[in-house]
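Dropping final_30.json in here (JSON, C-alpha atoms):
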```
[["chain", "number", "residue", "atom", "x", "y", "z"],
["A", 1, "MET", "CA", 96.03, 52.15, 123.03],
["A", 2, "ARG", "CA", 94.19, 54.82, 124.99],
["A", 3, "LYS", "CA", 90.42, 54.60, 124.90],
["A", 4, "ALA", "CA", 88.01, 57.50, 125.16],
["A", 5, "SER", "CA", 84.33, 57.51, 126.00],
["A", 6, "VAL", "CA", 82.40, 60.34, 124.31],
["A", 7, "VAL", "CA", 79.24, 61.03, 126.32],
["A", 8, "VAL", "CA", 76.44, 62.85, 124.49],
["A", 9, "VAL", "CA", 73.21, 63.79, 126.29],
["A", 10, "THR", "CA", 70.20, 64.32, 124.03],
["A", 11, "TYR", "CA", 66.79, 65.87, 124.54],
["A", 12, "ASN", "CA", 64.70, 66.31, 121.39],
["A", 13, "GLY", "CA", 66.20, 68.26, 118.47],
["A", 14, "LEU", "CA", 66.84, 65.02, 116.57],
["A", 15, "GLU", "CA", 67.34, 66.41, 113.05],
["A", 16, "GLU", "CA", 68.51, 69.87, 114.11],
["A", 17, "THR", "CA", 71.28, 68.82, 116.50],
["A", 18, "THR", "CA", 71.59, 65.14, 117.44],
["A", 19, "VAL", "CA", 72.01, 63.67, 113.96],
["A", 20, "PRO", "CA", 74.62, 66.23, 112.77],
["A", 21, "CYS", "CA", 76.51, 65.88, 116.06],
["A", 22, "LEU", "CA", 76.74, 62.09, 116.03],
["A", 23, "GLU", "CA", 77.52, 62.00, 112.32],
["A", 24, "SER", "CA", 80.43, 64.38, 112.91],
["A", 25, "VAL", "CA", 81.76, 62.32, 115.83],
["A", 26, "LEU", "CA", 81.62, 59.09, 113.86],
["A", 27, "GLY", "CA", 82.95, 60.68, 110.67],
["A", 28, "GLN", "CA", 85.65, 63.02, 112.00],
["A", 29, "THR", "CA", 87.23, 61.02, 114.82],
["A", 30, "ARG", "CA", 90.53, 59.34, 114.00],
["A", 31, "GLY", "CA", 93.41, 57.88, 115.98],
["A", 32, "ALA", "CA", 92.23, 57.09, 119.48],
["A", 33, "GLU", "CA", 90.03, 54.12, 120.21],
["A", 34, "PHE", "CA", 86.66, 55.45, 121.28],
["A", 35, "GLU", "CA", 83.08, 54.63, 122.13],
["A", 36, "VAL", "CA", 80.04, 56.88, 122.02],
["A", 37, "VAL", "CA", 77.63, 56.71, 124.95],
["A", 38, "VAL", "CA", 74.42, 58.57, 124.11],
["A", 39, "VAL", "CA", 72.07, 59.32, 127.00],
["A", 40, "ASP", "CA", 68.58, 60.41, 125.98],
["A", 41, "ASN", "CA", 66.65, 62.43, 128.55],
["A", 42, "HIS", "CA", 63.20, 61.17, 127.54],
["A", 43, "SER", "CA", 62.87, 62.81, 124.12],
["A", 44, "SER", "CA", 59.48, 62.82, 122.42],
["A", 45, "ASP", "CA", 60.54, 63.48, 118.83],
["A", 46, "GLY", "CA", 61.72, 60.06, 117.69],
["A", 47, "THR", "CA", 65.22, 60.32, 119.15],
["A", 48, "PRO", "CA", 64.99, 57.03, 121.13],
["A", 49, "GLY", "CA", 64.11, 55.06, 118.00],
["A", 50, "TYR", "CA", 66.91, 56.67, 116.03],
["A", 51, "LEU", "CA", 69.43, 55.87, 118.77],
["A", 52, "ARG", "CA", 68.32, 52.24, 118.99],
["A", 53, "GLY", "CA", 68.80, 51.88, 115.25],
["A", 54, "LEU", "CA", 72.19, 53.60, 115.30],
["A", 55, "ALA", "CA", 73.44, 51.43, 118.17],
["A", 56, "ALA", "CA", 72.32, 48.30, 116.29],
["A", 57, "MET", "CA", 74.31, 49.34, 113.21],
["A", 58, "VAL", "CA", 77.41, 50.87, 114.84],
["A", 59, "PRO", "CA", 79.05, 48.69, 117.55],
["A", 60, "ARG", "CA", 80.94, 51.61, 119.13],
["A", 61, "VAL", "CA", 77.64, 53.39, 119.89],
["A", 62, "ARG", "CA", 75.66, 52.58, 123.04],
["A", 63, "CYS", "CA", 72.49, 54.31, 124.14],
["A", 64, "ILE", "CA", 70.83, 54.83, 127.51],
["A", 65, "LEU", "CA", 67.16, 55.77, 127.28],
["A", 66, "ASN", "CA", 66.01, 57.55, 130.42],
["A", 67, "THR", "CA", 62.32, 57.57, 131.36],
["A", 68, "SER", "CA", 62.53, 61.15, 132.65],
["A", 69, "ASN", "CA", 64.55, 64.28, 131.97],
["A", 70, "ARG", "CA", 67.58, 63.87, 134.23],
["A", 71, "GLY", "CA", 69.02, 67.25, 133.32],
["A", 72, "PHE", "CA", 72.51, 68.05, 132.10],
["A", 73, "ALA", "CA", 74.34, 66.80, 135.19],
["A", 74, "GLY", "CA", 72.17, 63.73, 135.68],
["A", 75, "GLY", "CA", 72.35, 62.66, 132.05],
["A", 76, "ASN", "CA", 76.10, 63.09, 131.90],
["A", 77, "ASN", "CA", 76.56, 61.21, 135.17],
["A", 78, "ASP", "CA", 74.56, 58.32, 133.67],
["A", 79, "GLY", "CA", 76.91, 58.33, 130.70],
["A", 80, "ILE", "CA", 80.04, 58.55, 132.83],
["A", 81, "ARG", "CA", 78.91, 55.56, 134.91],
["A", 82, "ALA", "CA", 78.39, 53.53, 131.74],
["A", 83, "ALA", "CA", 81.66, 54.66, 130.11],
["A", 84, "THR", "CA", 84.54, 52.20, 129.83],
["A", 85, "GLY", "CA", 87.27, 54.55, 128.59],
["A", 86, "ASP", "CA", 90.36, 55.84, 130.38],
["A", 87, "PHE", "CA", 89.37, 59.30, 129.11],
["A", 88, "ILE", "CA", 85.91, 60.82, 129.20],
["A", 89, "VAL", "CA", 84.63, 63.56, 126.91],
["A", 90, "LEU", "CA", 81.35, 65.34, 127.61],
["A", 91, "LEU", "CA", 79.95, 66.64, 124.32],
["A", 92, "ASN", "CA", 76.73, 68.61, 123.86],
["A", 93, "SER", "CA", 74.32, 67.35, 121.24],
["A", 94, "ASP", "CA", 74.30, 70.79, 119.56],
["A", 95, "THR", "CA", 77.93, 70.57, 118.49],
["A", 96, "ILE", "CA", 79.79, 69.52, 115.36],
["A", 97, "VAL", "CA", 83.35, 68.29, 115.85],
["A", 98, "THR", "CA", 86.17, 68.72, 113.35],
["A", 99, "GLU", "CA", 89.02, 66.50, 112.19],
["A", 100, "GLY", "CA", 91.62, 65.79, 114.87],
["A", 101, "TRP", "CA", 89.43, 67.04, 117.70],
["A", 102, "LEU", "CA", 89.65, 63.99, 119.98],
["A", 103, "ASP", "CA", 93.40, 63.40, 119.81],
["A", 104, "GLY", "CA", 93.94, 67.12, 120.24],
["A", 105, "LEU", "CA", 92.01, 67.15, 123.52],
["A", 106, "LEU", "CA", 93.44, 63.88, 124.84],
["A", 107, "ASP", "CA", 97.14, 64.60, 124.20],
["A", 108, "PRO", "CA", 97.64, 67.14, 127.04],
["A", 109, "LEU", "CA", 95.62, 64.99, 129.45],
["A", 110, "GLU", "CA", 97.75, 61.95, 128.65],
["A", 111, "ASN", "CA", 101.10, 63.74, 128.68],
["A", 112, "ASP", "CA", 100.67, 66.08, 131.65],
["A", 113, "PRO", "CA", 99.13, 64.72, 134.88],
["A", 114, "SER", "CA", 98.70, 68.29, 136.18],
["A", 115, "VAL", "CA", 95.99, 68.90, 133.55],
["A", 116, "GLY", "CA", 92.55, 67.87, 134.79],
["A", 117, "LEU", "CA", 90.25, 69.31, 132.12],
["A", 118, "ALA", "CA", 90.82, 70.29, 128.50],
["A", 119, "GLY", "CA", 88.47, 72.10, 126.15],
["A", 120, "PRO", "CA", 88.54, 73.47, 122.57],
["A", 121, "VAL", "CA", 87.93, 76.89, 121.08],
["A", 122, "SER", "CA", 84.50, 77.53, 119.62],
["A", 123, "ASN", "CA", 82.21, 80.08, 118.00],
["A", 124, "ALA", "CA", 79.71, 80.22, 120.89],
["A", 125, "VAL", "CA", 80.79, 79.89, 124.52],
["A", 126, "GLY", "CA", 80.58, 82.28, 127.45],
["A", 127, "ASN", "CA", 84.29, 82.67, 128.15],
["A", 128, "GLU", "CA", 87.64, 83.19, 126.43],
["A", 129, "GLN", "CA", 87.33, 79.91, 124.53],
["A", 130, "GLU", "CA", 85.22, 81.88, 122.07],
["A", 131, "ILE", "CA", 86.92, 83.13, 118.93],
["A", 132, "ASP", "CA", 85.63, 85.45, 116.20],
["A", 133, "CYS", "CA", 84.38, 83.21, 113.40],
["A", 134, "ALA", "CA", 80.90, 84.45, 112.55],
["A", 135, "GLY", "CA", 79.16, 82.99, 109.52],
["A", 136, "LEU", "CA", 75.77, 82.35, 107.95],
["A", 137, "SER", "CA", 76.04, 78.57, 108.25],
["A", 138, "PRO", "CA", 77.85, 75.96, 110.32],
["A", 139, "GLY", "CA", 80.03, 75.27, 107.28],
["A", 140, "GLU", "CA", 81.18, 78.90, 107.05],
["A", 141, "ILE", "CA", 81.85, 79.05, 110.78],
["A", 142, "ILE", "CA", 83.81, 75.79, 110.75],
["A", 143, "LYS", "CA", 85.92, 77.05, 107.82],
["A", 144, "LYS", "CA", 86.92, 80.10, 109.88],
["A", 145, "GLY", "CA", 87.51, 77.87, 112.87],
["A", 146, "ARG", "CA", 89.94, 75.80, 110.83],
["A", 147, "LEU", "CA", 91.86, 78.93, 109.88],
["A", 148, "TRP", "CA", 92.21, 79.72, 113.58],
["A", 149, "THR", "CA", 93.45, 76.22, 114.42],
["A", 150, "ALA", "CA", 95.96, 76.37, 111.55],
["A", 151, "MET", "CA", 97.33, 79.55, 113.14],
["A", 152, "SER", "CA", 97.37, 78.00, 116.63],
["A", 153, "GLU", "CA", 99.26, 74.73, 116.26],
["A", 154, "GLY", "CA", 100.50, 73.65, 119.69],
["A", 155, "ASP", "CA", 99.00, 76.68, 121.46],
["A", 156, "ARG", "CA", 97.26, 76.25, 124.82],
["A", 157, "PHE", "CA", 96.43, 78.52, 127.71],
["A", 158, "ASP", "CA", 95.38, 77.99, 131.31],
["A", 159, "THR", "CA", 91.97, 79.16, 132.44],
["A", 160, "ASP", "CA", 89.76, 79.12, 135.52],
["A", 161, "ARG", "CA", 86.71, 77.69, 133.77],
["A", 162, "LEU", "CA", 85.80, 75.74, 130.66],
["A", 163, "GLY", "CA", 82.47, 75.49, 128.91],
["A", 164, "PHE", "CA", 81.06, 71.98, 129.16],
["A", 165, "PHE", "CA", 79.68, 72.01, 125.61],
["A", 166, "CYS", "CA", 82.84, 69.98, 125.02],
["A", 167, "VAL", "CA", 85.27, 69.05, 127.76],
["A", 168, "ALA", "CA", 87.70, 66.15, 128.18],
["A", 169, "THR", "CA", 89.12, 64.62, 131.33],
["A", 170, "ARG", "CA", 90.76, 61.47, 132.65],
["A", 171, "ARG", "CA", 89.04, 58.71, 134.57],
["A", 172, "ASP", "CA", 91.30, 59.28, 137.59],
["A", 173, "VAL", "CA", 90.21, 62.93, 137.77],
["A", 174, "VAL", "CA", 86.54, 61.94, 137.83],
["A", 175, "ASP", "CA", 87.25, 59.28, 140.46],
["A", 176, "ARG", "CA", 88.92, 61.90, 142.66],
["A", 177, "VAL", "CA", 86.55, 64.84, 142.11],
["A", 178, "GLY", "CA", 83.32, 62.88, 141.86],
["A", 179, "PRO", "CA", 80.26, 63.24, 139.61],
["A", 180, "LEU", "CA", 78.58, 66.42, 138.45],
["A", 181, "ASP", "CA", 76.25, 67.97, 141.04],
["A", 182, "GLU", "CA", 72.72, 66.95, 140.04],
["A", 183, "GLY", "CA", 71.30, 69.55, 142.40],
["A", 184, "PHE", "CA", 71.63, 72.07, 139.55],
["A", 185, "GLY", "CA", 68.69, 70.36, 137.86],
["A", 186, "THR", "CA", 68.13, 70.93, 134.15],
["A", 187, "GLY", "CA", 71.35, 72.89, 133.83],
["A", 188, "PHE", "CA", 73.44, 76.08, 134.30],
["A", 189, "PHE", "CA", 76.41, 76.55, 136.63],
["A", 190, "GLU", "CA", 77.08, 72.82, 137.09],
["A", 191, "ASP", "CA", 80.07, 73.27, 134.78],
["A", 192, "ASP", "CA", 81.36, 76.25, 136.79],
["A", 193, "ASP", "CA", 80.95, 74.16, 139.93],
["A", 194, "TYR", "CA", 82.88, 71.26, 138.46],
["A", 195, "CYS", "CA", 85.70, 73.51, 137.25],
["A", 196, "ILE", "CA", 86.05, 74.93, 140.76],
["A", 197, "ARG", "CA", 86.14, 71.43, 142.26],
["A", 198, "VAL", "CA", 88.77, 70.25, 139.76],
["A", 199, "ARG", "CA", 90.99, 73.26, 140.50],
["A", 200, "GLU", "CA", 90.54, 72.75, 144.25],
["A", 201, "ALA", "CA", 91.75, 69.17, 143.74],
["A", 202, "GLY", "CA", 95.01, 70.62, 142.40],
["A", 203, "TYR", "CA", 94.51, 70.22, 138.65],
["A", 204, "ARG", "CA", 94.90, 72.75, 135.84],
["A", 205, "LEU", "CA", 92.27, 73.64, 133.25],
["A", 206, "ILE", "CA", 93.50, 74.35, 129.73],
["A", 207, "CYS", "CA", 92.05, 75.52, 126.46],
["A", 208, "VAL", "CA", 93.53, 73.72, 123.45],
["A", 209, "GLU", "CA", 93.63, 76.44, 120.81],
["A", 210, "ASP", "CA", 94.30, 74.16, 117.84],
["A", 211, "VAL", "CA", 91.04, 72.24, 118.34],
["A", 212, "PHE", "CA", 87.80, 73.82, 117.10],
["A", 213, "VAL", "CA", 84.31, 72.50, 117.87],
["A", 214, "TYR", "CA", 81.24, 74.20, 116.41],
["A", 215, "HIS", "CA", 78.58, 74.97, 119.02],
["A", 216, "GLN", "CA", 75.06, 75.99, 118.10],
["A", 217, "GLY", "CA", 74.31, 77.11, 121.64],
["A", 218, "SER", "CA", 71.32, 76.28, 123.88],
["A", 219, "GLY", "CA", 70.40, 73.29, 121.73],
["A", 220, "SER", "CA", 70.76, 70.86, 124.60],
["A", 221, "PHE", "CA", 67.82, 72.48, 126.41],
["A", 222, "GLY", "CA", 65.38, 71.98, 123.59],
["A", 223, "LYS", "CA", 63.02, 74.88, 122.83],
["A", 224, "VAL", "CA", 61.93, 75.67, 126.39],
["A", 225, "ARG", "CA", 62.96, 79.23, 127.32],
["A", 226, "LYS", "CA", 60.46, 80.53, 129.91],
["A", 227, "GLU", "CA", 62.18, 79.18, 133.01],
["A", 228, "THR", "CA", 65.71, 80.09, 131.99],
["A", 229, "LYS", "CA", 66.07, 83.28, 134.04],
["A", 230, "GLU", "CA", 64.69, 81.68, 137.18],
["A", 231, "LEU", "CA", 66.90, 78.64, 136.72],
["A", 232, "LEU", "CA", 69.98, 80.84, 136.30],
["A", 233, "LYS", "CA", 69.12, 82.78, 139.45],
["A", 234, "ARG", "CA", 68.49, 79.65, 141.49],
["A", 235, "ASN", "CA", 71.59, 77.84, 140.34],
["A", 236, "ARG", "CA", 73.86, 80.84, 140.87],
["A", 237, "LYS", "CA", 72.56, 81.00, 144.43],
["A", 238, "ARG", "CA", 73.27, 77.29, 144.85],
["A", 239, "LEU", "CA", 76.84, 77.69, 143.56],
["A", 240, "GLU", "CA", 77.49, 80.67, 145.80],
["A", 241, "GLY", "CA", 76.20, 78.70, 148.77],
["A", 242, "LYS", "CA", 78.68, 75.93, 147.98],
["A", 243, "ILE", "CA", 81.70, 78.20, 147.65],
["A", 244, "GLY", "CA", 80.67, 80.57, 150.45],
["A", 245, "MET", "CA", 81.00, 83.81, 148.47],
["A", 246, "ARG", "CA", 79.60, 85.74, 145.52],
["A", 247, "TYR", "CA", 80.54, 84.13, 142.26],
["A", 248, "ARG", "CA", 82.24, 86.72, 140.08],
["A", 249, "PRO", "CA", 84.42, 85.10, 137.42],
["A", 250, "ARG", "CA", 86.57, 87.39, 135.32],
["A", 251, "HIS", "CA", 84.48, 88.81, 132.47],
["A", 252, "PRO", "CA", 85.12, 87.31, 129.01],
["A", 253, "ARG", "CA", 85.97, 90.75, 127.58],
["A", 254, "ASP", "CA", 88.81, 91.12, 130.10],
["A", 255, "ARG", "CA", 90.08, 87.62, 129.42],
["A", 256, "GLN", "CA", 90.03, 88.33, 125.67],
["A", 257, "LEU", "CA", 92.28, 91.34, 126.29],
["A", 258, "ASP", "CA", 94.50, 89.26, 128.58],
["A", 259, "LEU", "CA", 95.09, 86.87, 125.69],
["A", 260, "ALA", "CA", 95.61, 89.71, 123.21],
["A", 261, "GLU", "CA", 98.32, 91.10, 125.49],
["A", 262, "SER", "CA", 99.92, 87.67, 125.77],
["A", 263, "TYR", "CA", 100.18, 87.53, 121.97],
["A", 264, "LEU", "CA", 101.86, 90.94, 121.94],
["A", 265, "ALA", "CA", 104.35, 89.75, 124.55],
["A", 266, "ARG", "CA", 105.16, 86.66, 122.50],
["A", 267, "MET", "CA", 105.65, 88.78, 119.38],
["A", 268, "GLU", "CA", 108.09, 91.01, 121.27],
["A", 269, "GLU", "CA", 109.98, 87.88, 122.36],
["A", 270, "GLY", "CA", 110.41, 86.84, 118.73],
["A", 271, "GLY", "CA", 107.38, 84.59, 118.28],
["A", 272, "ASP", "CA", 105.78, 83.92, 114.90],
["A", 273, "GLY", "CA", 104.48, 87.40, 114.19],
["A", 274, "GLU", "CA", 102.20, 86.43, 111.29],
["A", 275, "ARG", "CA", 100.05, 83.96, 113.17],
["A", 276, "LEU", "CA", 100.16, 85.85, 116.46],
["A", 277, "LEU", "CA", 98.98, 88.98, 114.67],
["A", 278, "TYR", "CA", 96.08, 87.05, 113.19],
["A", 279, "LYS", "CA", 95.07, 85.80, 116.63],
["A", 280, "LEU", "CA", 95.50, 89.26, 118.15],
["A", 281, "ARG", "CA", 93.17, 90.81, 115.59],
["A", 282, "ASN", "CA", 90.64, 88.05, 116.20],
["A", 283, "ARG", "CA", 90.56, 88.61, 119.97],
["A", 284, "LEU", "CA", 90.31, 92.36, 119.54],
["A", 285, "ALA", "CA", 87.38, 91.97, 117.12],
["A", 286, "LEU", "CA", 85.46, 90.03, 119.76],
["A", 287, "SER", "CA", 86.42, 92.46, 122.50],
["A", 288, "ARG", "CA", 85.02, 95.47, 120.62],
["A", 289, "GLY", "CA", 81.55, 93.96, 120.89],
["A", 290, "MET", "CA", 81.79, 93.59, 124.67],
["A", 291, "VAL", "CA", 82.08, 97.22, 125.81],
["A", 292, "PRO", "CA", 80.62, 97.52, 129.34],
["A", 293, "ARG", "CA", 77.79, 99.94, 130.12],
["A", 294, "GLY", "CA", 79.04, 101.52, 133.34],
["A", 295, "LEU", "CA", 80.97, 104.75, 132.72],
["A", 296, "ILE", "CA", 84.00, 103.82, 134.82],
["A", 297, "LYS", "CA", 84.23, 100.25, 133.53],
["A", 298, "ARG", "CA", 83.67, 101.49, 129.99],
["A", 299, "ALA", "CA", 86.45, 104.07, 130.26],
["A", 300, "ARG", "CA", 88.93, 101.56, 131.72],
["A", 301, "PHE", "CA", 88.07, 98.95, 129.11],
["A", 302, "LEU", "CA", 88.37, 101.35, 126.15],
["A", 303, "ARG", "CA", 91.67, 102.72, 127.48],
["A", 304, "ARG", "CA", 93.08, 99.21, 127.71],
["A", 305, "LEU", "CA", 91.77, 98.33, 124.25],
["A", 306, "ARG", "CA", 93.38, 101.44, 122.74],
["A", 307, "ASP", "CA", 96.69, 100.67, 124.45],
["A", 308, "ILE", "CA", 96.74, 97.22, 122.85],
["A", 309, "GLU", "CA", 95.73, 98.53, 119.43],
["A", 310, "ARG", "CA", 98.57, 101.06, 119.47],
["A", 311, "HIS", "CA", 101.03, 98.17, 119.52],
["A", 312, "ARG", "CA", 99.56, 96.07, 116.74],
["A", 313, "LEU", "CA", 100.52, 96.12, 113.07],
["A", 314, "LEU", "CA", 98.18, 96.17, 110.09],
["A", 315, "GLY", "CA", 97.28, 93.21, 107.94],
["A", 316, "ALA", "CA", 96.77, 89.55, 108.74],
["A", 317, "PRO", "CA", 96.77, 86.34, 106.68],
["A", 318, "GLY", "CA", 93.41, 85.10, 105.49],
["A", 319, "GLU", "CA", 91.77, 88.53, 105.81],
["A", 320, "SER", "CA", 91.07, 91.21, 103.26]]
```
Whole structure given in structure tokens:
Amino acid sequence: MRKASVVVVTYNGLEETTVPCLESVLGQTRGAEFEVVVVDNHSSDGTPGYLRGLAAMVPRVRCILNTSNRGFAGGNNDGIRAATGDFIVLLNSDTIVTEGWLDGLLDPLENDPSVGLAGPVSNAVGNEQEIDCAGLSPGEIIKKGRLWTAMSEGDRFDTDRLGFFCVATRRDVVDRVGPLDEGFGTGFFEDDDYCIRVREAGYRLICVEDVFVYHQGSGSFGKVRKETKELLKRNRKRLEGKIGMRYRPRHPRDRQLDLAESYLARMEEGGDGERLLYKLRNRLALSRGMVPRGLIKRARFLRRLRDIERHRLLGAPGES
């Protein structure tokens, strides 16, 4: 049986993020054999004690307690080195997984050697993995996420980058590509860097649309916000130095419209109109909140949005 290692890096936020995350992993994961490797980046809120107790009670849980904050890349690299699975999943501590999540991410990796990374859809991520499922609580958001996954059975799409709030890969991919670049420090752009390296190694990146993982967003960084802008600036410069050009990934609003157009094309080819219409409306709802400021970009975007809306029908299941 295939074995997966779920690596979770923690830094404070015990009750707010770490406990709900680990409870969801242990309670919602079925099918594949798995272990949970939790790497704590020197938390000061009782997290180390909680992890020791959890590991003592649950054999599949192991914890690594760092004596300094090793950052996102460093903490995950520690977990990857300790992992024993054929598949490795990096999972942020500010996530809540849903039933079937692990098998859903592992299946394409196991069945298609061209796939190097696989990620889910979510409520909060800075690319086209994001779907429209706003709510007042994680429970409400997850309920909408489940409606999306029910309408997306078997659906996947290729992408240039995946958010590392939750990403799965195979051991052989990591062995070939290498560890995450710890030069990015606390975090930001190390996931973009890794996606570029995986694609340069000849692998595909896919989003698995019938797997939803709730993401709180920014929870892995604790409550420190002051240095964020400077860190983003520095790390972007580092990434651009590595690739030798300005880093300009396609904007999420444009990718949302790309996907909306792909649904229209599938409907015209005789695809399941009911579920494709639901997904089309969802992507368009997100896109409407991403109108660019520049006059030329704004005009082009709105023209494209109107062209898509002219082709859609009214009404969708699960909506009033």
- prompt: Mind pulling up the distance from atom CA of A:Leu14 to atom CA of A:Asp94?
  reply: 9.9 Å
field: Nearest to A:Val174 by atom-to-atom distance, counting all atoms listed in the file, from A:Leu277, A:Met57, A:Val125, A:Cys195
entry: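 Of the candidates, the smallest distance to A:Val174 is held by A:Cys195.
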- prompt: Which residue, A:Gly289, A:Val121, A:Glu261, A:Arg161, has the smallest gap to A:Arg248 when you use all atoms listed in the file?
  reply: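 Residue with the minimum atom-to-atom distance to A:Arg248: A:Arg161.
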task: Measure the distance from atom CA of A:Pro179 to atom CA of A:Asp193 in Å and round it to one decimal.
output: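 Here the two named atoms are 10.9 Å from each other.
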task: For the point (70.3, 67.4, 124.1) in the file's frame, write as a PyMOL selection string all residues with an atom no more than 6 Å away, counting only C-alpha atoms.
output: chain A and resi 9-11+93+220
task: May I ask for the distance between atom CA of A:Arg253 and atom CA of A:Phe164, given in Å to one decimal place?
output: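 About the pair atom CA of A:Arg253 and atom CA of A:Phe164: they are 19.5 Å apart.
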task: Skip stretch 291-306 of chain A itself and residues of its chain fewer than 4 positions away, then list as a list in words all residues within 8 Å of it, counting all atoms listed in the file.
output: Arg253, Asp254, Leu257, Leu284, Ser287 and Arg310 of chain A
task: Go through A:Gln216, A:Ser44, A:Ser152, A:Gln28 and flag the residue nearest A:Ser137, using only C-alpha atoms for the distances.
output: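 Nearest candidate to A:Ser137 out of A:Gln216, A:Ser44, A:Ser152, A:Gln28: A:Gln216.
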Which residue of A:Arg170, A:Arg197, A:Arg70, A:Arg146 approaches A:Val89 most closely, using all atoms listed in the file: A:Arg170
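Shortest separation to A:Glu110 among A:Arg266, A:Lys3, A:Arg255, A:His311 occurs at residue A:Lys3, atoms counted being only C-alpha atoms.
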query: Which residues come within 10 Å of A:Glu130, counting only C-alpha atoms, excluding same-chain residues fewer than 3 positions away, as an MDAnalysis selection string?
result: chainID A and resid 120:127 133 163 212 252 256 283 286
Contact residues around A:Pro59 with all atoms listed in the file at 9 Å, ignoring same-chain residues under 4 positions, as JSON, numbers by chain: {"A": [35, 54, 55]}
Store the residues of this selection in a file with C-alpha atoms, as a compact mmCIF listing (two decimals), in the coordinates of the input.
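Final file, part35.txt:
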```txt
# COMPACT_ATOMS: atom_id res chain seq x y z
CA GLU A 35 83.08 54.63 122.13
CA LEU A 54 72.19 53.60 115.30
CA ALA A 55 73.44 51.43 118.17
```
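Between A:Leu232 and the residues A:Asp45, A:Glu190, A:Asp181, A:Asp107, the shortest atom-to-atom distance, using all atoms listed in the file, involves A:Glu190.
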Output as lines of an AutoDock Vina configuration file the centre and edge lengths (Å, one decimal) of the box along x, y and z of the file that holds every listed atom of stretch 295-306 of chain A after adding 8 Å on each side.
```
center_x = 87.2
center_y = 101.5
center_z = 128.8
size_x = 28.4
size_y = 22.4
size_z = 28.1
```
message: Can you pull out the residues contacting A:Leu106? Cut-off 9 Å, using only C-alpha atoms, and skip same-chain residues under 5 positions away; I want them as a list in words.
response: Ala4, Ala32, Phe87, Trp101, Asn111, Ala118, Ala168, Thr169 and Arg170 of chain A
query: Skipping near chain neighbours, those fewer than 2 positions away, what residues fall within 12 Å of A:Pro138 using only C-alpha atoms, listed as a VMD selection string?
result: chain A and resid 16 to 17 20 to 21 94 to 98 122 to 124 133 to 136 140 to 145 213 to 217
